[in-house]
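Enquirer: Dropping in protein21.cif, which is mmCIF, C-alpha atoms and all ligand atoms:
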data_data
loop_
_atom_site.label_atom_id
_atom_site.label_comp_id
_atom_site.auth_asym_id
_atom_site.auth_seq_id
_atom_site.Cartn_x
_atom_site.Cartn_y
_atom_site.Cartn_z
CA MET A 1 18.32 -20.57 3.65
CA ALA A 2 16.33 -18.02 5.60
CA SER A 3 18.01 -16.60 8.66
CA LEU A 4 16.39 -15.01 11.64
CA GLN A 5 17.73 -11.62 12.43
CA LEU A 6 16.78 -9.19 14.99
CA LEU A 7 15.88 -5.62 15.67
CA ILE A 8 18.44 -3.66 17.56
CA SER A 9 21.96 -4.72 16.91
CA ASN A 10 24.90 -5.00 19.16
CA PRO A 11 27.10 -2.03 18.49
CA GLY A 12 29.65 -2.74 15.82
CA PRO A 13 32.51 -0.42 14.96
CA SER A 14 32.05 3.12 16.14
CA SER A 15 31.07 4.52 12.74
CA PHE A 16 28.23 2.06 12.52
CA HIS A 17 27.29 2.66 16.16
CA SER A 18 27.13 6.38 15.78
CA SER A 19 25.21 6.24 12.52
CA LEU A 20 22.59 4.05 14.18
CA LEU A 21 22.34 6.37 17.15
CA TYR A 22 22.12 9.34 14.84
CA THR A 23 19.29 7.77 12.89
CA LEU A 24 17.45 6.84 16.08
CA THR A 25 17.74 10.26 17.64
CA SER A 26 17.20 12.30 14.51
CA LEU A 27 13.92 10.52 13.91
CA HIS A 28 12.52 11.86 17.18
CA SER A 29 10.86 14.61 15.21
CA PHE A 30 8.52 12.22 13.40
CA ASP A 31 5.06 12.44 14.80
CA ARG A 32 4.17 8.84 14.06
CA ARG A 33 5.35 5.37 14.68
CA ALA A 34 7.98 4.37 12.25
CA VAL A 35 9.73 1.14 11.71
CA LYS A 36 12.70 2.17 9.76
CA PRO A 37 15.30 -0.18 8.34
CA ILE A 38 18.74 1.21 8.91
CA LYS A 39 21.60 0.05 6.74
CA PRO A 40 24.95 -0.13 8.43
CA ASN A 41 27.55 1.88 6.61
CA TYR A 42 30.24 -0.69 6.24
CA LYS A 43 30.29 -3.67 3.97
CA ASN A 44 30.82 -6.76 6.06
CA TYR A 45 28.09 -6.04 8.55
CA ASN A 46 25.27 -7.36 6.43
CA THR A 47 22.53 -7.51 9.05
CA THR A 48 19.49 -5.39 8.42
CA ILE A 49 18.76 -3.46 11.55
CA GLN A 50 15.38 -2.18 12.48
CA SER A 51 14.21 -0.21 15.41
CA VAL A 52 10.95 1.23 16.53
CA ILE A 53 11.51 4.91 16.72
CA GLN A 54 10.54 7.32 19.47
CA TRP A 55 7.68 9.65 18.76
CA ASN A 56 7.60 13.34 19.34
CA ARG A 57 4.44 13.39 21.42
CA LYS A 58 3.49 12.58 24.97
CA PRO A 59 2.61 8.91 25.37
CA GLN A 60 -1.00 8.19 26.23
CA LEU A 61 -1.26 6.45 29.58
CA ALA A 62 -3.42 3.35 29.14
CA GLY A 63 -5.28 1.69 32.01
CA ASP A 64 -6.18 2.83 35.51
CA THR A 65 -3.57 4.27 37.82
CA PRO A 66 -1.64 3.32 39.75
CA ARG A 67 -0.46 0.62 37.43
CA VAL A 68 1.24 -1.93 39.61
CA VAL A 69 3.85 -3.72 37.51
CA VAL A 70 6.10 -6.50 38.78
CA ILE A 71 9.43 -7.01 37.01
CA THR A 72 10.24 -10.68 37.27
CA SER A 73 12.15 -13.51 35.60
CA GLY A 74 12.55 -16.66 37.64
CA LYS A 75 16.28 -16.87 36.95
CA GLY A 76 18.64 -14.48 38.70
CA GLY A 77 21.10 -12.20 36.95
CA VAL A 78 19.08 -11.70 33.76
CA GLY A 79 18.49 -7.96 34.24
CA LYS A 80 15.39 -7.40 36.41
CA THR A 81 16.95 -4.68 38.54
CA THR A 82 18.59 -3.04 35.52
CA THR A 83 15.19 -3.05 33.82
CA THR A 84 13.39 -1.64 36.88
CA ALA A 85 15.89 1.22 37.22
CA ASN A 86 15.89 2.12 33.53
CA LEU A 87 12.16 1.72 32.89
CA GLY A 88 11.47 3.66 36.09
CA LEU A 89 13.65 6.62 35.20
CA SER A 90 12.44 6.62 31.59
CA LEU A 91 8.86 6.80 32.84
CA ALA A 92 9.81 9.59 35.25
CA ARG A 93 11.39 11.51 32.36
CA LEU A 94 8.17 11.09 30.41
CA GLY A 95 6.47 12.93 33.27
CA PHE A 96 4.84 10.07 35.18
CA SER A 97 5.13 9.71 38.93
CA ILE A 98 6.87 6.49 39.87
CA VAL A 99 7.46 4.51 43.02
CA ALA A 100 9.93 1.65 42.58
CA ILE A 101 9.79 -1.00 45.29
CA ASP A 102 12.88 -3.12 45.79
CA ALA A 103 11.27 -6.38 46.86
CA ASP A 104 14.49 -8.34 46.45
CA VAL A 105 14.85 -8.60 50.18
CA GLY A 106 18.03 -10.61 50.63
CA LEU A 107 19.98 -9.14 47.72
CA ARG A 108 18.70 -5.61 47.55
CA ASN A 109 20.60 -3.60 44.92
CA LEU A 110 18.16 -1.28 43.17
CA ASP A 111 19.38 1.52 45.46
CA LEU A 112 22.94 0.94 44.18
CA LEU A 113 21.96 1.06 40.52
CA LEU A 114 20.14 4.31 41.16
CA GLY A 115 22.99 5.76 43.20
CA LEU A 116 20.64 6.23 46.16
CA GLU A 117 22.23 3.80 48.63
CA ASN A 118 23.34 6.50 51.07
CA ARG A 119 19.86 7.96 51.31
CA VAL A 120 17.98 4.87 52.45
CA ASN A 121 17.45 5.48 56.16
CA TYR A 122 14.20 3.62 56.65
CA THR A 123 12.61 0.66 54.92
CA ALA A 124 9.08 -0.71 54.55
CA ILE A 125 9.63 -2.96 57.56
CA GLU A 126 10.05 0.08 59.81
CA VAL A 127 6.90 1.60 58.30
CA LEU A 128 4.95 -1.57 59.05
CA ASN A 129 6.36 -1.70 62.59
CA GLY A 130 5.22 1.88 63.15
CA ASP A 131 8.81 3.14 63.62
CA CYS A 132 8.55 5.72 60.82
CA ARG A 133 6.08 7.23 58.41
CA LEU A 134 5.76 6.00 54.81
CA ASP A 135 7.12 9.25 53.37
CA GLN A 136 10.27 8.86 55.51
CA ALA A 137 10.98 5.51 53.87
CA LEU A 138 10.46 6.85 50.36
CA VAL A 139 13.73 8.04 48.85
CA ARG A 140 13.28 10.74 46.26
CA ASP A 141 15.64 10.58 43.26
CA LYS A 142 18.10 13.46 43.08
CA ARG A 143 17.64 13.89 39.33
CA TRP A 144 13.92 13.24 38.88
CA SER A 145 11.83 14.19 41.87
CA ASN A 146 8.81 12.28 40.51
CA PHE A 147 10.75 9.04 41.02
CA GLU A 148 10.83 7.51 44.51
CA LEU A 149 12.40 4.34 45.84
CA LEU A 150 11.06 2.14 48.62
CA CYS A 151 13.20 -0.70 49.95
CA ILE A 152 11.52 -3.54 51.83
CA SER A 153 14.32 -4.17 54.25
CA LYS A 154 17.98 -3.72 55.04
CA PRO A 155 20.52 -5.50 52.81
CA ARG A 156 21.33 -9.11 53.63
CA SER A 157 18.31 -9.49 55.91
CA LYS A 158 15.88 -12.37 55.39
CA LEU A 159 12.25 -11.83 54.48
CA PRO A 160 10.90 -11.00 57.95
CA MET A 161 8.34 -13.34 59.50
CA GLY A 162 4.87 -12.08 58.78
CA PHE A 163 5.94 -10.00 55.80
CA GLY A 164 4.01 -11.32 52.84
CA GLY A 165 1.67 -10.40 50.04
CA LYS A 166 -0.84 -8.79 52.41
CA ALA A 167 1.80 -6.45 53.82
CA LEU A 168 2.80 -5.42 50.30
CA ILE A 169 -0.85 -4.83 49.37
CA TRP A 170 -1.14 -2.62 52.47
CA LEU A 171 1.91 -0.61 51.33
CA VAL A 172 0.53 -0.23 47.81
CA ASP A 173 -2.80 0.96 49.25
CA ALA A 174 -0.94 3.42 51.47
CA LEU A 175 0.92 4.75 48.40
CA LYS A 176 -2.40 5.19 46.60
CA SER A 177 -3.87 7.28 49.39
CA ARG A 178 -0.98 9.68 50.01
CA PRO A 179 -1.99 13.35 50.28
CA GLU A 180 0.09 14.24 47.20
CA GLY A 181 -1.90 11.73 45.17
CA SER A 182 -1.43 8.23 43.88
CA PRO A 183 1.62 7.48 41.69
CA ASP A 184 1.05 6.59 38.05
CA PHE A 185 3.24 3.49 38.24
CA ILE A 186 4.39 1.28 41.07
CA LEU A 187 7.23 -0.92 39.80
CA ILE A 188 8.15 -3.94 41.91
CA ASP A 189 11.64 -5.39 41.45
CA CYS A 190 11.07 -9.08 42.14
CA PRO A 191 13.64 -11.45 43.66
CA ALA A 192 14.85 -14.47 41.67
CA GLY A 193 13.27 -17.85 42.29
CA ILE A 194 9.66 -18.80 42.87
CA ASP A 195 9.53 -19.01 46.65
CA ALA A 196 8.02 -16.75 49.32
CA GLY A 197 9.80 -13.59 48.13
CA PHE A 198 8.49 -14.07 44.62
CA ILE A 199 4.93 -14.78 45.77
CA THR A 200 5.03 -11.68 47.99
CA ALA A 201 6.33 -9.48 45.16
CA ILE A 202 3.69 -10.52 42.63
CA THR A 203 0.70 -10.34 45.01
CA PRO A 204 -0.26 -6.65 44.57
CA ALA A 205 0.63 -6.54 40.85
CA ASN A 206 -1.89 -6.45 38.04
CA GLU A 207 0.66 -6.62 35.26
CA ALA A 208 4.09 -8.13 34.78
CA VAL A 209 7.23 -7.52 32.77
CA LEU A 210 9.08 -10.77 32.34
CA VAL A 211 12.78 -10.30 31.69
CA THR A 212 14.58 -13.11 29.95
CA THR A 213 17.85 -13.69 28.16
CA PRO A 214 17.91 -15.86 25.04
CA ASP A 215 19.26 -18.98 26.68
CA ILE A 216 17.53 -22.19 27.53
CA THR A 217 17.86 -22.00 31.34
CA SER A 218 16.44 -18.51 31.50
CA LEU A 219 13.61 -19.49 29.15
CA ARG A 220 12.62 -22.50 31.16
CA ASP A 221 12.38 -20.36 34.31
CA ALA A 222 10.50 -17.65 32.43
CA ASP A 223 7.98 -20.21 31.21
CA ARG A 224 7.45 -21.53 34.73
CA VAL A 225 7.04 -18.00 36.07
CA THR A 226 4.52 -17.16 33.32
CA GLY A 227 2.39 -20.07 34.50
CA LEU A 228 2.59 -18.91 38.12
CA LEU A 229 1.72 -15.32 37.19
CA GLU A 230 -1.31 -16.53 35.27
CA CYS A 231 -2.39 -18.69 38.21
CA ASP A 232 -2.20 -15.58 40.35
CA GLY A 233 -4.58 -13.79 37.99
CA ILE A 234 -1.94 -11.62 36.24
CA LYS A 235 -2.92 -11.88 32.61
CA ASP A 236 -1.13 -8.80 31.29
CA ILE A 237 2.39 -10.18 30.86
CA LYS A 238 4.92 -8.72 28.45
CA MET A 239 8.51 -9.74 28.01
CA ILE A 240 11.80 -7.98 27.60
CA VAL A 241 14.52 -9.98 25.91
CA ASN A 242 17.81 -8.77 27.33
CA ARG A 243 21.48 -9.13 26.37
CA ILE A 244 20.87 -9.81 22.69
CA ARG A 245 23.93 -10.19 20.48
CA THR A 246 23.17 -10.22 16.78
CA ASP A 247 26.65 -11.48 15.93
CA LEU A 248 25.89 -14.66 17.91
CA ILE A 249 22.37 -14.94 16.48
CA ARG A 250 23.77 -14.70 12.97
CA GLY A 251 26.21 -17.48 13.70
CA GLU A 252 23.32 -19.50 15.17
CA ASP A 253 25.05 -19.50 18.54
CA MET A 254 22.25 -17.59 20.22
CA MET A 255 18.50 -17.90 19.98
CA SER A 256 16.81 -15.10 18.12
CA VAL A 257 14.04 -13.03 19.66
CA LEU A 258 11.59 -14.72 17.32
CA ASP A 259 12.61 -18.09 18.74
CA VAL A 260 12.15 -16.73 22.26
CA GLN A 261 8.75 -15.35 21.40
CA GLU A 262 7.67 -18.62 19.84
CA MET A 263 8.74 -20.51 22.95
CA LEU A 264 7.12 -18.21 25.50
CA GLY A 265 4.18 -16.90 23.47
CA LEU A 266 4.28 -13.49 25.16
CA ALA A 267 3.91 -9.99 23.76
CA LEU A 268 7.25 -8.26 23.32
CA LEU A 269 7.82 -5.05 25.25
CA GLY A 270 11.45 -4.55 24.28
CA VAL A 271 14.70 -6.01 23.03
CA ILE A 272 17.82 -4.84 24.83
CA PRO A 273 21.22 -5.43 23.27
CA GLU A 274 24.22 -6.57 25.24
CA ASP A 275 25.97 -3.31 26.04
CA SER A 276 29.01 -2.76 28.23
CA GLU A 277 27.55 0.64 29.13
CA VAL A 278 24.97 -1.21 31.25
CA ILE A 279 27.71 -2.46 33.56
CA ARG A 280 29.52 0.87 33.56
CA SER A 281 26.38 2.79 34.43
CA ALA A 282 25.48 0.27 37.16
CA ASN A 283 28.87 0.83 38.78
CA ARG A 284 28.39 4.60 38.62
CA GLY A 285 24.88 4.47 40.08
CA TYR A 286 23.72 6.38 37.04
CA PRO A 287 21.07 4.53 35.02
CA LEU A 288 21.78 4.13 31.36
CA VAL A 289 18.72 6.00 30.13
CA LEU A 290 20.16 9.21 31.59
CA ASN A 291 23.34 8.93 29.50
CA ASN A 292 24.02 11.69 27.06
CA PRO A 293 24.71 10.87 24.25
CA PRO A 294 22.32 7.92 24.51
CA THR A 295 23.51 4.36 24.13
CA LEU A 296 21.79 1.60 22.23
CA ALA A 297 20.60 -0.20 25.34
CA GLY A 298 19.42 3.11 26.82
CA LEU A 299 17.34 3.88 23.74
CA ALA A 300 15.92 0.37 23.77
CA PHE A 301 14.85 0.82 27.42
CA GLU A 302 13.26 4.17 26.62
CA GLN A 303 11.27 2.63 23.82
CA ALA A 304 10.17 -0.21 26.09
CA ALA A 305 8.99 2.39 28.65
CA TRP A 306 6.99 4.11 25.98
CA ARG A 307 5.27 0.87 25.04
CA LEU A 308 4.60 0.09 28.70
CA VAL A 309 2.75 3.41 29.08
CA GLU A 310 0.58 2.74 26.06
CA LYS A 311 0.18 -1.01 26.71
CA ASP A 312 1.73 -1.50 23.32
CA SER A 313 4.08 -4.20 22.07
CA MET A 314 6.59 -4.64 19.30
CA LYS A 315 7.24 -7.27 16.68
CA ALA A 316 10.32 -9.35 16.28
CA VAL A 317 10.97 -9.47 12.59
CA MET A 318 12.32 -12.23 10.44
CA VAL A 319 14.54 -10.91 7.71
CA GLU A 320 15.07 -13.20 4.78
CA GLU A 321 18.61 -13.51 3.58
CA GLU A 322 19.20 -12.00 0.17
CA PRO A 323 18.86 -14.74 -2.47
CA LYS A 324 22.26 -15.81 -3.71
CA LYS A 325 23.23 -14.50 -7.14
CA ARG A 326 23.29 -17.22 -9.73
CA GLY A 327 26.69 -17.98 -11.25
CA LEU A 328 27.39 -19.18 -14.75
CA PHE A 329 27.26 -22.86 -13.77
CA SER A 330 23.88 -22.57 -12.13
CA PHE A 331 22.55 -21.80 -15.57
CA PHE A 332 23.47 -25.32 -16.63
CA GLY A 333 22.03 -26.79 -13.48
CA ARG A 334 18.47 -25.98 -14.50
N1 LIG A 401 21.92 -5.50 28.38
C1 LIG A 401 22.95 -5.75 29.19
N2 LIG A 401 24.21 -5.67 28.72
C2 LIG A 401 25.27 -5.93 29.53
N3 LIG A 401 25.16 -6.26 30.84
C3 LIG A 401 23.92 -6.37 31.38
C4 LIG A 401 22.75 -6.12 30.58
N4 LIG A 401 21.66 -6.27 31.39
C5 LIG A 401 22.13 -6.62 32.61
N5 LIG A 401 23.48 -6.67 32.62
C6 LIG A 401 24.36 -7.00 33.76
O1 LIG A 401 23.94 -8.26 34.27
C7 LIG A 401 24.11 -8.29 35.67
C8 LIG A 401 22.80 -8.70 36.34
O2 LIG A 401 21.82 -7.70 36.13
P1 LIG A 401 20.68 -7.42 37.22
O3 LIG A 401 19.83 -6.34 36.67
O4 LIG A 401 21.27 -7.20 38.57
O5 LIG A 401 19.91 -8.81 37.18
P2 LIG A 401 18.81 -9.40 38.17
O6 LIG A 401 18.16 -8.26 38.89
O7 LIG A 401 17.86 -10.15 37.28
O8 LIG A 401 19.52 -10.32 39.11
C9 LIG A 401 24.56 -6.90 36.09
O9 LIG A 401 25.96 -6.93 36.26
C10 LIG A 401 24.18 -6.03 34.91
O10 LIG A 401 25.04 -4.91 34.79
MG MG A 402 17.99 -7.92 41.01
#
What's the structure tokens form of this structure?
Ligand SMILES: Nc1ncnc2c1ncn2[C@@H]1O[C@H](COP(=O)(O)OP(=O)(O)O)[C@@H](O)[C@H]1O
Ligand SMILES: [Mg+2]
Expert:
Amino acid sequence: MASLQLLISNPGPSSFHSSLLYTLTSLHSFDRRAVKPIKPNYKNYNTTIQSVIQWNRKPQLAGDTPRVVVITSGKGGVGKTTTTANLGLSLARLGFSIVAIDADVGLRNLDLLLGLENRVNYTAIEVLNGDCRLDQALVRDKRWSNFELLCISKPRSKLPMGFGGKALIWLVDALKSRPEGSPDFILIDCPAGIDAGFITAITPANEAVLVTTPDITSLRDADRVTGLLECDGIKDIKMIVNRIRTDLIRGEDMMSVLDVQEMLGLALLGVIPEDSEVIRSANRGYPLVLNNPPTLAGLAFEQAAWRLVEKDSMKAVMVEEEPKKRGLFSFFGR
């Protein structure tokens, strides 16, 4: 029977983990796209692992700037903020100027993931009220000065009356016309749900990254959100499938990325494995993509960032199981 298996594996034992990382990083020197099957170096781990490799060239920025990208999902807790932080810093490391807007008004936490919480003195609300300038509300990252964070409001506050899509469009326009020039990317971290906060967050966007996990509740919300994005005129929607565990997929306890893609019918920007480093790095306020040596999830985010720049996508592959060897008795069966 054919089994569906998937790209980047959950780390197995450390020897396997490090060999995969080694192969991924050592292939940086290839000046082309390569899809390279990597065989794990121990016997029982019989999954074929494939990964799209990084290229040793500067990615070509597709489309007009600033590219306003909303990171959304419908369901909460699937990895929108993690994705915003890691895509944002990957893009900054690739040399693009980034403004990340935390539009999750009630449950703001992008500042925490970036380790910038103590630097947020002003928010977009104060800018709109005329209490401060826009550049005072923009928090520059300590590691990558071409990455800036803008929070909409203070933590635990409700979406203020009168703050809606138009206000966000005004902010995006103000970012475009700053004296230092328009950013290359404006990433908007969207709140969960499909109410006012969601509508506000998607209003200025012209493309979307839909984050989903391979479970039925997340997929149903993602499907609903896809419909709403399309109604809003956002046609460029790509998905990131997060928290993949190949051990569960193999045991048919988790949907494969191919299944997810068939259900949602969206182009695939990236596949992120379940990785305890994600949680560790969130607690340290140090996004995963900055880790050295890199982790599997960090590399997967970097590759997704690369594809975002080039408006590229990846393929989920179906790997056929090796045909079973015929035994002596099968000879008589034919
Ligand atoms: N690939 C992953 N592996 C392990 N934990 C993850 C992964 N992605 C996200 N998480 C964890 O899931 C939780 C929710 O992530 P978060 O980005 O805050 O989701 P959202 O913004 O969609 O609510 C966090 O604790 C985060 O560390
Ligand atoms: Mg969030």
Enquirer: Taking 5 positions as the minimum chain separation for residues in the same chain, which residues sit within 7 Å of Cys151 (chain A) when counting all atoms listed in the file? Answer as a VMD selection string.
Expert: chain A and resid 101 to 103 123 to 124
Enquirer: Mind checking which residues fall within 9 Å of region 268-278 of chain A, counting only C-alpha atoms, ignoring those fewer than 3 positions away in the same chain, and posting them as a PyMOL selection string?
Expert: chain A and resi 6-11+82+209+238-246+257+261+281-283+287-288+295-301+303-305+307-308+311-316
Enquirer: Fewer than 6 positions away in the same chain doesn't count, so skip those; otherwise give me all residues within 12 Å of Val120 (chain A), counting all atoms listed in the file, as a list in words.
Expert: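 After dropping sequence-adjacent residues, the list is Asp102, Arg108, Asn109, Leu110, Asp111, Leu112, Leu114, Glu126, Asp135, Gln136, Ala137, Leu138, Val139, Arg140, Asp141, Glu148, Leu149, Leu150, Cys151, Ile152, Ser153, Lys154 and Pro155 of chain A.
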Enquirer: CA of Gly285 (chain A) and atom C6 of ligand LIG 401 (chain A), how far apart in Å?
Expert: 13.1 Å
Enquirer: Which residues form the shell of 9 Å around ligand MG 402 (chain A) when you count all atoms listed in the file, given as a list in words?
Expert: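 Those within range of ligand MG 402 (chain A) are Gly76, Gly77, Val78, Gly79, Lys80, Thr81, Thr82, Thr84, Asp102, Asp104, Leu107, Arg108, Asn109, Leu110, Asp189, Cys190, Pro191 and Ala192 of chain A.
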Enquirer: Between atom C5 of ligand LIG 401 (chain A) and CA of Ile71 (chain A), what distance in Å does the model show, to one decimal?
Expert: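 Taking atom C5 of ligand LIG 401 (chain A) and CA of Ile71 (chain A), their separation equals 13.4 Å.
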Enquirer: I'd like the interatomic distance between CA of Gly193 (chain A) and CA of Gly74 (chain A), to a tenth of an Å.
Expert: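 Going from CA of Gly193 (chain A) over to CA of Gly74 (chain A), I get 4.9 Å.
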Enquirer: Using all atoms listed in the file, find the one residue out of A:Leu128, A:Ile194, A:Leu187, A:Leu258 that sits nearest to Trp170 (chain A).
Expert: A:Leu128
Enquirer: List the neighbours of Gly88 (chain A) out to 9 Å using all atoms listed in the file; skip same-chain residues closer than 6 positions along the sequence, and give me the result as a PyMOL selection string.
Expert: chain A and resi 98-100+147+185-187+305
Enquirer: Of the candidates A:Ala92, A:Ala85, A:Lys176, A:Ser256, which one gets nearest to Trp144 (chain A) if we count only C-alpha atoms?
Expert: A:Ala92
